[in-house]
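Notes follow once the structure below has been shown.
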Amino acid sequence: PTIEPGVPGTGFALLYVPRFGENYVRSIGEGVDLPSVLNSPEFGVGRYTESSALGEIGNFALAGHRTTYGASFAKIGELRIGDRLYVEVEQGWYSYVFRNLEYVWPTEVEVLQPFPKMSDAETSDRVLTLTSCHPRFSEAERIIAYALYEGWFPRSGGPPSDIAHLIEGAT
């Protein structure tokens, strides 16, 4: 399904990244406003409103801090090719596979375009992009992580095995 963008400052999904820790899960807020989303203890991860909606063909782009306000993306530089990332919504889970990291200047907003600077991305791909500041404790550059859509897990079939312990433990 395609999840239509919500009201800025409100939550609409959960992000699971097993590489970031066995119990890593963060709420995703609509927008990247500092007070209401990125610096919020409730969210800490936000969707760039100019990016594609979740489930659409194109680039679903998220931002998070590396060192402050919960450091949602503290371990972004530790992602490895093949790592899975999951986005949970009411209907189920989107699965993405990590492909590569890139370091850019803060002005290189092309990473938010529908098809960011990924040499192997097709115009029919669904891309998940994570952005954060780099190096740690600095805003001099940005670290960008790209993942490609792998599949959909409807809620009726149960959660992906990588994160099942988190879902089952929450119910």
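Labels used: A, B, ... for chains in the order of the structure tokens, numbers from 1 for residues in each chain, and numbers from 1 for ligands as shown.
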For Phe20 in chain A, please output as a list in words all residues within 10 Å (counting only C-alpha atoms; exclusion window: fewer than 2 positions along the same chain).
-> Tyr16, Val17, Pro18, Glu22, Asn23, Tyr24, Val25, Ser72, Phe73, Ala74, Lys75, Ile76, Gly77, Glu78, Leu79 and Leu85 of chain A
Keeping N, CA and C atoms, export the residues of the selection given above as a short mmCIF file (atom, residue, chain, number, x, y, z; two decimals), in the first residue's frame.
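Final output, saved to again10.cif:
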```cif
data_model
loop_
_atom_site.label_atom_id
_atom_site.label_comp_id
_atom_site.auth_asym_id
_atom_site.auth_seq_id
_atom_site.Cartn_x
_atom_site.Cartn_y
_atom_site.Cartn_z
N TYR A 16 12.56 0.00 11.98
CA TYR A 16 13.35 -1.05 12.64
C TYR A 16 14.64 -1.25 11.84
N VAL A 17 15.78 -1.20 12.52
CA VAL A 17 17.06 -1.44 11.87
C VAL A 17 17.86 -2.39 12.76
N PRO A 18 17.79 -3.69 12.52
CA PRO A 18 18.49 -4.65 13.38
C PRO A 18 19.98 -4.35 13.56
N GLU A 22 19.69 -4.85 18.75
CA GLU A 22 18.66 -5.88 18.81
C GLU A 22 17.26 -5.33 19.06
N ASN A 23 17.18 -4.24 19.83
CA ASN A 23 15.88 -3.66 20.19
C ASN A 23 15.62 -2.31 19.54
N TYR A 24 16.31 -2.02 18.43
CA TYR A 24 16.17 -0.70 17.80
C TYR A 24 14.82 -0.57 17.11
N VAL A 25 14.05 0.40 17.54
CA VAL A 25 12.81 0.80 16.88
C VAL A 25 12.58 2.27 17.19
N SER A 72 19.05 8.92 16.97
CA SER A 72 18.35 7.87 16.22
C SER A 72 19.21 7.20 15.16
N PHE A 73 20.09 7.96 14.54
CA PHE A 73 20.95 7.40 13.47
C PHE A 73 22.42 7.36 13.90
N ALA A 74 22.68 7.15 15.18
CA ALA A 74 24.05 7.10 15.70
C ALA A 74 24.90 6.07 14.98
N LYS A 75 24.32 4.95 14.59
CA LYS A 75 25.09 3.86 13.99
C LYS A 75 24.92 3.78 12.47
N ILE A 76 24.50 4.85 11.83
CA ILE A 76 24.26 4.83 10.39
C ILE A 76 25.50 4.39 9.61
N GLY A 77 26.68 4.77 10.07
CA GLY A 77 27.93 4.41 9.39
C GLY A 77 28.29 2.94 9.54
N GLU A 78 27.57 2.19 10.38
CA GLU A 78 27.85 0.77 10.60
C GLU A 78 27.03 -0.15 9.69
N LEU A 79 26.11 0.42 8.91
CA LEU A 79 25.31 -0.42 8.00
C LEU A 79 26.22 -1.16 7.03
N LEU A 85 16.24 -3.21 6.62
CA LEU A 85 15.57 -2.13 7.34
C LEU A 85 14.08 -2.33 7.11
#
```
If you count only C-alpha atoms, which residues fall within 8 Å of Glu30 in chain A, apart from same-chain ones fewer than 6 positions away, as a list in words?
->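 Within the cut-off, the hits are Pro5, Gly6, Val7, Pro8, Gly9, Thr10, Gly11, Phe12, Val37, Gly46, Arg47, Tyr48 and Thr49 of chain A.
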Tell me, as a VMD selection string, which residues lie within 12 Å of Arg155 in chain A, counting only C-alpha atoms; anything in the same chain fewer than 6 positions away does not count.
-> chain A and resid 1 88 to 94 164 167
